[in-house]
file final.csv (CSV, C-alpha atoms)
chain,number,residue,atom,x,y,z
Q,1,MET,CA,0.0,0.0,0.0
Q,2,THR,CA,1.3,3.5,-0.8
Q,3,PRO,CA,2.2,5.1,2.5
Q,4,MET,CA,0.1,8.1,3.7
Q,5,THR,CA,1.7,11.2,5.1
Q,6,ILE,CA,-1.2,12.9,7.0
Q,7,SER,CA,-1.9,16.5,7.9
Q,8,LEU,CA,-4.7,16.9,10.5
Q,9,TRP,CA,-7.1,19.5,9.1
Q,10,ASP,CA,-9.9,18.5,11.5
Q,11,PHE,CA,-12.8,20.9,11.4
Q,12,THR,CA,-10.7,24.0,10.6
Q,13,TRP,CA,-11.1,23.6,6.9
Q,14,TYR,CA,-14.6,24.9,7.3
Q,15,THR,CA,-14.3,27.1,10.4
Q,16,ARG,CA,-11.6,29.4,9.1
Q,17,THR,CA,-12.4,30.3,5.5
Q,18,GLY,CA,-12.4,34.1,5.7
Q,19,ASP,CA,-9.9,36.5,4.1
Q,20,GLY,CA,-6.4,35.9,5.5
Q,21,GLN,CA,-7.4,32.6,7.2
Q,22,PRO,CA,-5.6,29.3,6.6
Q,23,PHE,CA,-8.3,27.8,4.4
Q,24,HIS,CA,-9.5,30.8,2.5
Q,25,ARG,CA,-8.2,29.2,-0.6
Q,26,LEU,CA,-8.2,25.4,-0.4
Q,27,ASP,CA,-5.8,25.1,-3.3
Q,28,ASP,CA,-3.3,27.2,-1.5
Q,29,ALA,CA,-3.6,25.0,1.6
Q,30,PHE,CA,-3.2,21.8,-0.4
Q,31,GLY,CA,-0.2,23.3,-2.3
Q,32,GLN,CA,1.5,24.1,1.0
Q,33,ALA,CA,0.8,20.6,2.3
Q,34,VAL,CA,2.3,18.9,-0.8
Q,35,ASP,CA,5.3,21.2,-0.5
Q,36,ARG,CA,5.8,19.9,3.0
Q,37,GLY,CA,5.6,16.3,1.9
Q,38,TYR,CA,2.0,15.4,2.7
Q,39,ASP,CA,-0.3,13.4,0.5
Q,40,THR,CA,-3.3,13.0,2.8
Q,41,VAL,CA,-5.5,15.2,4.9
Q,42,ARG,CA,-7.8,14.1,7.7
Q,43,VAL,CA,-11.0,16.0,8.3
Q,44,CYS,CA,-14.2,16.2,10.2
Q,45,ALA,CA,-16.5,16.1,7.2
Q,46,MET,CA,-19.5,17.1,9.3
Q,47,PRO,CA,-21.5,14.1,7.8
Q,48,LEU,CA,-24.4,14.2,10.3
Q,49,LEU,CA,-24.9,18.0,9.8
Q,50,LEU,CA,-24.8,17.8,6.0
Q,51,PHE,CA,-26.7,14.6,5.4
Q,52,ARG,CA,-28.8,13.6,8.4
Q,53,SER,CA,-29.6,16.7,10.5
Q,54,GLY,CA,-32.5,18.0,8.4
Q,55,LEU,CA,-31.0,21.5,8.7
Q,56,ASP,CA,-30.4,23.9,5.9
Q,57,THR,CA,-26.7,23.8,5.3
Q,58,SER,CA,-26.5,26.2,2.3
Q,59,ALA,CA,-25.3,29.1,4.3
Q,60,LEU,CA,-23.5,27.8,7.4
Q,61,ARG,CA,-21.7,30.3,9.7
Q,62,PHE,CA,-19.1,29.4,12.3
Q,63,LYS,CA,-17.4,31.3,15.1
Q,64,GLY,CA,-15.5,30.7,18.3
Q,65,LEU,CA,-16.9,30.1,21.8
Q,66,GLY,CA,-17.8,33.8,22.2
Q,67,GLY,CA,-15.9,37.0,22.6
Q,68,SER,CA,-12.2,36.4,23.6
Q,69,PHE,CA,-13.0,33.1,25.3
Q,70,GLY,CA,-10.9,30.4,23.6
Q,71,GLN,CA,-9.0,32.7,21.4
Q,72,ARG,CA,-5.6,31.6,22.7
Q,73,THR,CA,-6.6,28.0,22.8
Q,74,ARG,CA,-5.5,25.6,20.0
Q,75,TRP,CA,-8.3,24.9,17.5
Q,76,TYR,CA,-10.7,27.3,19.2
Q,77,ASP,CA,-9.2,30.6,18.0
Q,78,VAL,CA,-12.0,30.9,15.3
Q,79,PRO,CA,-13.0,34.3,14.0
Q,80,PRO,CA,-16.6,34.9,12.7
Q,81,SER,CA,-16.7,33.3,9.3
Q,82,PRO,CA,-18.3,34.1,6.0
Q,83,ALA,CA,-21.3,32.0,5.0
Q,84,VAL,CA,-20.3,28.5,3.8
Q,85,ASP,CA,-22.4,26.3,1.6
Q,86,GLY,CA,-21.6,23.0,3.4
Q,87,ARG,CA,-22.1,20.5,0.6
Q,88,ALA,CA,-20.5,22.8,-2.0
Q,89,HIS,CA,-17.5,23.4,0.2
Q,90,LEU,CA,-17.2,19.6,0.7
Q,91,LEU,CA,-17.0,19.1,-3.0
Q,92,SER,CA,-14.5,22.0,-3.3
Q,93,LEU,CA,-12.3,20.2,-0.7
Q,94,PHE,CA,-12.4,16.9,-2.7
Q,95,ARG,CA,-11.8,18.6,-6.0
Q,96,ALA,CA,-8.8,20.5,-4.6
Q,97,ALA,CA,-7.4,17.3,-3.1
Q,98,ARG,CA,-7.6,15.6,-6.5
Q,99,ARG,CA,-5.9,18.5,-8.2
Q,100,HIS,CA,-3.0,18.2,-5.8
Q,101,GLY,CA,-2.8,14.4,-5.9
Q,102,CYS,CA,-4.0,14.1,-2.3
Q,103,ARG,CA,-6.4,11.7,-0.5
Q,104,ILE,CA,-8.9,12.5,2.3
Q,105,ILE,CA,-9.5,10.5,5.5
Q,106,VAL,CA,-13.2,11.2,6.2
Q,107,SER,CA,-14.1,11.4,9.9
Q,108,SER,CA,-16.5,13.2,12.3
Q,109,TRP,CA,-15.8,15.2,15.4
Q,110,GLU,CA,-19.5,16.0,15.8
Q,111,TYR,CA,-19.9,14.3,19.1
Q,112,GLN,CA,-16.8,16.0,20.5
Q,113,GLN,CA,-16.6,19.7,19.6
Q,114,SER,CA,-17.5,20.5,16.0
Q,115,PRO,CA,-21.0,21.8,16.9
Q,116,SER,CA,-19.5,24.3,19.4
Q,117,PHE,CA,-18.3,26.3,16.4
Q,118,GLY,CA,-21.9,26.8,15.1
Q,119,ALA,CA,-23.3,30.3,15.1
Q,120,ASP,CA,-26.4,28.9,16.9
Q,121,ASN,CA,-27.2,25.7,18.7
Q,122,SER,CA,-29.2,24.0,16.0
Q,123,TRP,CA,-26.4,21.6,15.0
Q,124,HIS,CA,-25.7,20.6,18.6
Q,125,GLU,CA,-29.4,20.1,19.3
Q,126,ALA,CA,-29.8,17.9,16.2
Q,127,LEU,CA,-27.0,15.7,17.3
Q,128,GLN,CA,-28.3,15.4,20.9
Q,129,ALA,CA,-31.7,14.4,19.5
Q,130,VAL,CA,-30.2,11.1,18.1
Q,131,PRO,CA,-30.7,8.4,20.8
Q,132,VAL,CA,-27.3,7.4,22.2
Q,133,ASP,CA,-27.6,3.7,21.2
Q,134,LYS,CA,-28.4,4.8,17.6
Q,135,ARG,CA,-25.5,7.2,17.1
Q,136,ALA,CA,-23.0,4.8,15.5
Q,137,GLU,CA,-25.5,3.6,12.9
Q,138,THR,CA,-26.8,7.1,12.2
Q,139,LEU,CA,-23.2,8.2,11.6
Q,140,ALA,CA,-22.7,5.2,9.3
Q,141,ASP,CA,-25.7,6.2,7.2
Q,142,ALA,CA,-24.5,9.8,7.2
Q,143,HIS,CA,-21.0,8.8,6.0
Q,144,ALA,CA,-22.6,6.5,3.4
Q,145,ASP,CA,-24.7,9.4,2.2
Q,146,LEU,CA,-21.5,11.5,1.9
Q,147,VAL,CA,-19.8,8.9,-0.2
Q,148,ASP,CA,-22.8,8.7,-2.5
Q,149,PHE,CA,-22.7,12.5,-2.8
Q,150,VAL,CA,-19.0,12.6,-3.7
Q,151,ARG,CA,-19.4,9.6,-6.0
Q,152,ALA,CA,-22.1,11.4,-7.9
Q,153,ALA,CA,-19.4,14.1,-8.6
Q,154,GLY,CA,-16.9,11.4,-9.6
Q,155,LEU,CA,-14.7,12.0,-6.6
Q,156,ASP,CA,-15.2,9.0,-4.4
Q,157,ASP,CA,-11.7,7.7,-5.3
Q,158,VAL,CA,-10.3,10.6,-3.3
Q,159,VAL,CA,-11.5,8.9,-0.1
Q,160,ALA,CA,-8.7,7.0,1.7
Q,161,TYR,CA,-11.1,5.5,4.2
Q,162,VAL,CA,-13.9,6.5,6.5
Q,163,GLU,CA,-13.9,6.8,10.3
Q,164,LEU,CA,-17.4,6.6,11.9
Q,165,HIS,CA,-16.1,9.0,14.6
Q,166,ASN,CA,-13.1,10.4,16.3
Q,167,GLU,CA,-11.8,9.0,19.6
Q,168,VAL,CA,-14.9,7.1,20.7
Q,169,GLN,CA,-13.7,6.8,24.3
Q,170,TYR,CA,-14.0,10.6,24.7
Q,171,SER,CA,-17.1,11.3,22.6
Q,172,GLY,CA,-20.9,11.2,22.8
Q,173,VAL,CA,-20.7,8.0,20.8
Q,174,PRO,CA,-20.7,4.9,23.1
Q,175,ASP,CA,-17.5,3.0,23.2
Q,176,ASP,CA,-19.5,-0.2,23.0
Q,177,ARG,CA,-18.2,-3.0,20.7
Q,178,ASP,CA,-21.7,-4.2,19.7
Q,179,LEU,CA,-22.9,-0.8,18.8
Q,180,LEU,CA,-19.8,0.1,16.9
Q,181,GLU,CA,-19.7,-3.1,15.1
Q,182,ALA,CA,-23.4,-2.5,14.0
Q,183,GLY,CA,-22.4,0.9,12.7
Q,184,VAL,CA,-19.4,-0.5,10.8
Q,185,LYS,CA,-21.7,-3.2,9.4
Q,186,ARG,CA,-24.3,-0.7,8.3
Q,187,PHE,CA,-21.7,1.3,6.4
Q,188,LYS,CA,-20.2,-1.8,4.7
Q,189,GLU,CA,-23.7,-2.8,3.6
Q,190,ARG,CA,-24.1,0.5,1.8
Q,191,GLN,CA,-20.5,1.1,0.7
Q,192,PRO,CA,-18.7,-2.3,0.4
Q,193,ALA,CA,-15.8,-0.9,-1.6
Q,194,VAL,CA,-14.8,1.9,0.9
Q,195,PRO,CA,-12.7,0.9,4.0
Q,196,VAL,CA,-14.3,1.9,7.3
Q,197,THR,CA,-13.2,2.1,10.9
Q,198,VAL,CA,-13.4,4.0,14.2
Q,199,ASN,CA,-10.4,5.4,15.9
Q,200,TYR,CA,-9.1,5.4,19.4
Q,201,ALA,CA,-7.4,8.0,21.6
Q,202,ARG,CA,-3.9,6.8,22.8
Q,203,VAL,CA,-3.7,3.0,22.4
Q,204,PRO,CA,-6.1,1.2,24.8
Q,205,VAL,CA,-3.5,-1.5,25.6
Q,206,ALA,CA,-5.6,-3.1,28.4
Q,207,SER,CA,-8.7,-3.6,26.2
Q,208,MET,CA,-7.5,-4.3,22.6
Q,209,SER,CA,-9.6,-7.5,22.5
Q,210,LYS,CA,-12.7,-5.5,23.0
Q,211,LEU,CA,-12.3,-3.4,19.9
Q,212,PRO,CA,-14.8,-4.0,17.1
Q,213,ARG,CA,-14.0,-7.1,15.1
Q,214,ASN,CA,-15.0,-5.8,11.7
Q,215,LEU,CA,-12.6,-2.8,11.3
Q,216,ASP,CA,-10.9,-2.3,8.0
Q,217,VAL,CA,-8.1,-0.1,9.4
Q,218,ALA,CA,-6.5,0.1,12.9
Q,219,VAL,CA,-6.3,3.8,13.8
Q,220,PHE,CA,-4.8,5.1,17.0
Q,221,HIS,CA,-3.8,8.5,18.4
Q,222,PRO,CA,-0.8,7.9,20.7
Q,223,TYR,CA,-0.7,11.0,22.9
Q,224,VAL,CA,1.9,10.0,25.5
Q,225,TYR,CA,1.5,13.1,27.8
Q,226,GLY,CA,4.1,12.1,30.4
Q,227,VAL,CA,5.4,15.4,31.7
Q,228,LEU,CA,2.4,17.2,30.2
Q,229,GLY,CA,0.2,14.7,32.1
Q,230,GLN,CA,1.9,15.8,35.3
Q,231,LEU,CA,1.0,19.4,34.6
Q,232,TYR,CA,-2.6,18.4,33.9
Q,233,GLU,CA,-2.8,16.4,37.0
Q,234,GLU,CA,-1.2,18.9,39.4
Q,235,PHE,CA,-3.4,21.7,38.1
Q,236,ALA,CA,-6.5,19.5,37.9
Q,237,LEU,CA,-7.2,20.8,34.3
Q,238,ARG,CA,-9.6,17.9,33.5
Q,239,ASP,CA,-10.5,16.8,37.0
Q,240,THR,CA,-13.4,19.0,37.9
Q,241,SER,CA,-14.0,17.1,41.1
Q,242,ARG,CA,-10.9,18.8,42.6
Q,243,PRO,CA,-10.5,22.6,43.2
Q,244,TYR,CA,-8.5,24.6,40.7
Q,245,PRO,CA,-5.3,25.7,42.4
Q,246,GLN,CA,-5.7,29.4,41.4
Q,247,GLU,CA,-2.8,30.9,43.4
Q,248,ARG,CA,-0.4,28.3,42.3
Q,249,ALA,CA,-1.5,28.7,38.7
Q,250,PHE,CA,-0.8,32.5,38.9
Q,251,ALA,CA,2.7,31.8,40.2
Q,252,GLU,CA,3.7,29.0,37.8
Q,253,LEU,CA,1.6,29.2,34.6
Q,254,LEU,CA,-0.5,32.3,34.2
Q,255,ARG,CA,0.0,35.8,32.9
Q,256,ASP,CA,0.1,38.5,35.4
Q,257,ASP,CA,-3.1,40.1,33.9
Q,258,ALA,CA,-5.1,36.9,33.9
Q,259,PRO,CA,-8.6,37.1,35.4
Q,260,LYS,CA,-9.7,34.5,38.0
Q,261,LEU,CA,-11.2,31.2,36.7
Q,262,GLU,CA,-14.7,32.1,37.7
Q,263,ASP,CA,-14.5,35.4,35.8
Q,264,TRP,CA,-13.6,33.8,32.5
Q,265,ARG,CA,-16.5,32.0,30.8
Q,266,ALA,CA,-18.1,31.6,27.4
Q,267,PRO,CA,-21.0,33.9,26.9
Q,268,ALA,CA,-23.3,31.0,25.6
Q,269,SER,CA,-23.5,28.0,27.9
Q,270,TRP,CA,-24.6,25.7,25.1
Q,271,LYS,CA,-21.2,26.2,23.5
Q,272,THR,CA,-19.3,24.7,26.5
Q,273,GLU,CA,-21.8,21.8,26.5
Q,274,ALA,CA,-21.0,21.1,22.9
Q,275,THR,CA,-17.3,20.6,23.5
Q,276,VAL,CA,-15.4,18.0,25.5
Q,277,VAL,CA,-12.8,20.5,26.7
Q,278,PRO,CA,-13.5,21.6,30.3
Q,279,HIS,CA,-13.8,25.3,31.1
Q,280,ARG,CA,-10.8,25.3,33.4
Q,281,GLU,CA,-8.6,23.8,30.6
Q,282,ILE,CA,-9.6,26.5,28.2
Q,283,TYR,CA,-9.1,29.2,30.8
Q,284,THR,CA,-5.6,28.0,31.5
Q,285,HIS,CA,-4.7,27.7,27.8
Q,286,ASP,CA,-6.1,31.2,27.2
Q,287,TRP,CA,-4.3,32.9,30.0
Q,288,CYS,CA,-1.1,31.0,30.4
Q,289,ASP,CA,2.2,32.7,29.8
Q,290,PRO,CA,3.6,30.5,27.1
Q,291,ALA,CA,7.2,30.9,28.4
Q,292,LYS,CA,6.0,29.9,31.9
Q,293,TRP,CA,4.2,26.9,30.5
Q,294,ASP,CA,7.1,25.7,28.5
Q,295,ARG,CA,9.6,26.3,31.3
Q,296,TRP,CA,7.4,24.2,33.7
Q,297,LEU,CA,7.6,21.3,31.2
Q,298,TYR,CA,11.3,21.6,30.4
Q,299,GLU,CA,12.3,21.8,34.1
Q,300,ARG,CA,10.5,18.4,34.7
Q,301,TYR,CA,11.0,16.7,31.4
Q,302,GLY,CA,14.2,14.9,32.5
Q,303,GLU,CA,12.1,12.9,35.1
Q,304,HIS,CA,9.8,11.7,32.3
Q,305,ARG,CA,12.0,11.3,29.3
Q,306,ARG,CA,12.7,7.6,29.5
Q,307,ALA,CA,9.2,6.6,30.5
Q,308,MET,CA,7.7,8.7,27.7
Q,309,ARG,CA,9.9,7.0,25.2
Q,310,GLU,CA,9.2,3.5,26.5
Q,311,THR,CA,5.4,4.2,26.7
Q,312,LEU,CA,5.4,5.5,23.2
Q,313,ASP,CA,7.3,2.5,21.9
Q,314,THR,CA,5.1,0.1,23.7
Q,315,TRP,CA,1.9,1.7,22.4
Q,316,LEU,CA,3.1,1.7,18.8
Q,317,GLU,CA,4.3,-1.9,19.0
Q,318,VAL,CA,1.0,-3.0,20.6
Q,319,ALA,CA,-0.9,-1.2,17.9
Q,320,ALA,CA,1.2,-2.8,15.2
Q,321,ASP,CA,0.7,-6.2,16.7
Q,322,PHE,CA,-3.1,-5.7,16.9
Q,323,ALA,CA,-3.2,-4.6,13.2
Q,324,ALA,CA,-1.0,-7.6,12.2
Q,325,GLY,CA,-3.3,-10.0,14.1
Q,326,ARG,CA,-6.3,-8.6,12.4
Q,327,GLY,CA,-4.7,-8.5,9.0
Q,328,ILE,CA,-5.5,-4.8,8.5
Q,329,PRO,CA,-3.4,-1.7,7.9
Q,330,LEU,CA,-2.2,0.5,10.7
Q,331,VAL,CA,-2.5,4.3,10.9
Q,332,PHE,CA,-1.5,6.9,13.5
Q,333,GLY,CA,-3.9,9.7,12.7
Q,334,GLU,CA,-2.9,11.9,15.6
Q,335,GLY,CA,-0.1,12.1,18.3
Q,336,TRP,CA,2.5,12.6,20.0
Q,337,VAL,CA,2.8,14.6,23.3
Q,338,GLY,CA,-0.7,16.0,23.9
Q,339,TYR,CA,-2.9,19.1,24.0
Q,340,THR,CA,-0.9,22.3,24.5
Q,341,PRO,CA,-1.8,26.0,24.4
Q,342,LEU,CA,-1.8,27.6,20.9
Q,343,HIS,CA,1.3,29.7,21.5
Q,344,ALA,CA,3.3,27.3,23.7
Q,345,ASN,CA,6.3,25.7,22.0
Q,346,PHE,CA,7.1,22.5,23.8
Q,347,GLU,CA,5.9,20.2,21.1
Q,348,GLU,CA,7.3,22.4,18.3
Q,349,GLY,CA,10.6,23.0,20.0
Q,350,PRO,CA,13.7,20.7,20.2
Q,351,VAL,CA,12.2,18.2,22.6
Q,352,GLY,CA,9.0,17.9,20.8
Q,353,ALA,CA,10.8,17.7,17.4
Q,354,GLU,CA,12.9,14.8,18.8
Q,355,ILE,CA,9.7,13.0,19.9
Q,356,CYS,CA,8.1,13.5,16.5
Q,357,ALA,CA,11.2,12.2,14.7
Q,358,HIS,CA,11.4,9.1,16.9
Q,359,ALA,CA,7.7,8.3,16.5
Q,360,VAL,CA,7.7,8.7,12.7
Q,361,HIS,CA,10.8,6.5,12.4
Q,362,LYS,CA,9.1,3.9,14.7
Q,363,ALA,CA,5.9,4.0,12.6
Q,364,ARG,CA,8.0,3.4,9.5
Q,365,GLU,CA,9.8,0.5,11.1
Q,366,LEU,CA,6.5,-1.1,12.2
Q,367,GLY,CA,5.2,-0.9,8.7
Q,368,ALA,CA,2.4,1.6,9.4
Q,369,TRP,CA,0.3,2.6,6.4
Q,370,GLY,CA,0.0,6.2,7.5
Q,371,THR,CA,1.2,8.7,10.1
Q,372,VAL,CA,1.2,12.3,11.1
Q,373,VAL,CA,4.4,14.2,11.7
Q,374,CYS,CA,2.6,15.7,14.7
Q,375,SER,CA,-1.0,16.8,15.3
Q,376,ASN,CA,0.1,20.4,15.3
Q,377,ALA,CA,1.6,20.2,11.8
Q,378,ALA,CA,-1.3,21.8,10.0
Q,379,PRO,CA,-2.0,25.2,8.4
Q,380,HIS,CA,-3.8,26.5,11.5
Q,381,HIS,CA,-1.0,25.9,13.9
Q,382,PRO,CA,2.4,27.7,14.3
Q,383,MET,CA,4.3,24.4,13.7
Q,384,TRP,CA,3.2,24.7,10.0
Q,385,GLY,CA,6.1,27.2,9.7
Q,386,ASP,CA,8.7,24.5,10.4
Q,387,VAL,CA,8.8,23.4,6.7
Q,388,ALA,CA,12.2,21.6,7.0
Q,389,LEU,CA,11.1,19.3,9.8
Q,390,GLN,CA,7.9,18.3,8.0
Q,391,ARG,CA,9.7,17.6,4.7
Q,392,ARG,CA,12.4,15.6,6.5
Q,393,LEU,CA,10.1,13.4,8.5
Q,394,ASN,CA,7.6,12.8,5.7
Q,395,ASP,CA,10.5,11.8,3.4
Q,396,ASP,CA,11.9,9.6,6.2
Q,397,PHE,CA,8.5,7.8,6.5
Q,398,ARG,CA,8.4,7.0,2.8
Q,399,GLU,CA,12.0,5.9,2.7
Q,400,ASN,CA,12.5,2.3,1.4
Q,401,ARG,CA,8.8,1.7,1.2
call {"tool": "encode", "arguments": {"input": "final.csv", "output": "structure tokens"}}
result
Amino acid sequence: MTPMTISLWDFTWYTRTGDGQPFHRLDDAFGQAVDRGYDTVRVCAMPLLLFRSGLDTSALRFKGLGGSFGQRTRWYDVPPSPAVDGRAHLLSLFRAARRHGCRIIVSSWEYQQSPSFGADNSWHEALQAVPVDKRAETLADAHADLVDFVRAAGLDDVVAYVELHNEVQYSGVPDDRDLLEAGVKRFKERQPAVPVTVNYARVPVASMSKLPRNLDVAVFHPYVYGVLGQLYEEFALRDTSRPYPQERAFAELLRDDAPKLEDWRAPASWKTEATVVPHREIYTHDWCDPAKWDRWLYERYGEHRRAMRETLDTWLEVAADFAAGRGIPLVFGEGWVGYTPLHANFEEGPVGAEICAHAVHKARELGAWGTVVCSNAAPHHPMWGDVALQRRLNDDFRENR
């Protein structure tokens, strides 16, 4: 199989389309991707919104979480957008991909955060109206509708494969083998020629036998965290059962002019309900001093370096063993350290670059079909500016293949 070098375009290909934004001209974005060595992009294709919501999608508008909230948080720094014809924009994406010799991994983030970028809550409400035990099959039908739609335009060969949903363990789609297998089966019945799968955050090493048995591709997101996990734990960024250590955060992470946690909230409560990222995590990302954040990680990285390398190696090897046992190809669609503030530089800096290089080389050695250089290597992240690193690692992944 021809190896895939993947750039993670997520939902940003439709949320940031205005003048001066990364996806104002899709041909420019694809041209930059190809110049950096990529041949595949992975996107939330908003299948439920476009094909199963019943909503008018001819003039979609997207914006951030409200005011300045989230504007220094990676992926959430979305300005108000011009109107987008959802289905026409989808075809534009596929046509531009073909012009540049690229493939598209079709996924959905709709039960994680995509609806939080809507101008109103209609998309979010439409998703929540789907019974929980019907969501996998509903997504399967939406994706099958999407493939029919692009096939009618003669573009279905651009699809690399379909993912019912992103990171099912941390989404509104139940991580239930029977339900996921039913969804995969439904899609296969309608689109037998198109590979289909679901993907998993990290590598669930303790429960690999519980993954659906009818997957066509093994897809994992090995975010190792390590020292970043220590930061998240000590500041309770995702554990809302514990108090937020406000004074310590001011001393060790935050800007001097940061408001207090309780004073920094999204204007619309439904937007925070439509995303999996906790309020305190967005607050800390918005108001951290990037130099303080990076210094905190660098000062403690030595304690974690060996364990992070060993964990990453183990996860990649377990993932490869799983794929080999199932006789299906392996893809690392996201990774490697974790979720960092937009303007922090730990993952883009020398330590992060070393981790990226090691992971890409390991993925190549294990015979993976596809990999990212890093989840932050995309047009809407600062790491996009490191052209040399991306070219080198994408070339390395293809070497001797």
call {"tool": "residues_around", "arguments": {"input": "final.csv", "residues": "range 71-78 of chain Q", "least_positions_apart": "5", "cutoff": "12 Å", "atoms": "only C-alpha atoms", "output": "PyMOL selection string"}}
result
chain Q and resi 8-18+21-23+61-66+113-119+266+271-272+275+277+279-290+338-345+375-376+378-383
call {"tool": "residues_around", "arguments": {"input": "final.csv", "residues": "Arg305 in chain Q", "least_positions_apart": "5", "cutoff": "10 Å", "atoms": "all atoms listed in the file", "output": "list in words"}}
result
Gly226, Val227, Arg300, Glu310, Val351 and Ile355 of chain Q
call {"tool": "atom_distance", "arguments": {"input": "final.csv", "atom1": "CA of Leu393 in chain Q", "atom2": "CA of Glu303 in chain Q"}}
result
26.7 Å
call {"tool": "atom_distance", "arguments": {"input": "final.csv", "atom1": "CA of Asn400 in chain Q", "atom2": "CA of Thr40 in chain Q"}}
result
19.1 Å
call {"tool": "closest_residue", "arguments": {"input": "final.csv", "among": "Q:Ile6, Q:Ala142, Q:Leu366, Q:Leu49", "to": "Arg36 in chain Q", "atoms": "all atoms listed in the file"}}
result
Q:Ile6
call {"tool": "decode", "arguments": {"input": "final.csv", "residues": "range 109-125 of chain Q", "atoms": "N, CA and C atoms", "output": "CSV table (one decimal), in the first residue's frame"}}
result
chain,number,residue,atom,x,y,z
Q,109,TRP,N,-16.0,14.7,14.1
Q,109,TRP,CA,-15.8,15.2,15.4
Q,109,TRP,C,-17.1,15.7,16.0
Q,110,GLU,N,-18.2,15.3,15.4
Q,110,GLU,CA,-19.5,16.0,15.8
Q,110,GLU,C,-19.9,15.7,17.2
Q,111,TYR,N,-19.6,14.6,17.8
Q,111,TYR,CA,-19.9,14.3,19.1
Q,111,TYR,C,-18.8,14.6,20.1
Q,112,GLN,N,-17.9,15.5,19.6
Q,112,GLN,CA,-16.8,16.0,20.5
Q,112,GLN,C,-16.9,17.5,20.6
Q,113,GLN,N,-16.6,18.2,19.5
Q,113,GLN,CA,-16.6,19.7,19.6
Q,113,GLN,C,-17.0,20.4,18.3
Q,114,SER,N,-17.2,19.8,17.2
Q,114,SER,CA,-17.5,20.5,16.0
Q,114,SER,C,-18.7,21.4,16.1
Q,115,PRO,N,-19.8,21.0,16.8
Q,115,PRO,CA,-21.0,21.8,16.9
Q,115,PRO,C,-20.8,23.1,17.7
Q,116,SER,N,-19.7,23.1,18.6
Q,116,SER,CA,-19.5,24.3,19.4
Q,116,SER,C,-19.1,25.5,18.5
Q,117,PHE,N,-18.7,25.2,17.3
Q,117,PHE,CA,-18.3,26.3,16.4
Q,117,PHE,C,-19.5,26.9,15.6
Q,118,GLY,N,-20.7,26.3,15.8
Q,118,GLY,CA,-21.9,26.8,15.1
Q,118,GLY,C,-22.2,28.2,15.6
Q,119,ALA,N,-22.9,29.0,14.7
Q,119,ALA,CA,-23.3,30.3,15.1
Q,119,ALA,C,-24.5,30.2,16.0
Q,120,ASP,N,-25.3,29.1,16.0
Q,120,ASP,CA,-26.4,28.9,16.9
Q,120,ASP,C,-26.3,27.4,17.3
Q,121,ASN,N,-27.2,27.0,18.2
Q,121,ASN,CA,-27.2,25.7,18.7
Q,121,ASN,C,-27.9,24.6,18.0
Q,122,SER,N,-28.4,24.9,16.7
Q,122,SER,CA,-29.2,24.0,16.0
Q,122,SER,C,-28.5,22.7,15.7
Q,123,TRP,N,-27.2,22.8,15.3
Q,123,TRP,CA,-26.4,21.6,15.0
Q,123,TRP,C,-26.3,20.7,16.3
Q,124,HIS,N,-25.9,21.3,17.3
Q,124,HIS,CA,-25.7,20.6,18.6
Q,124,HIS,C,-27.1,20.0,19.0
Q,125,GLU,N,-28.2,20.7,18.9
Q,125,GLU,CA,-29.4,20.1,19.3
Q,125,GLU,C,-29.8,18.9,18.4
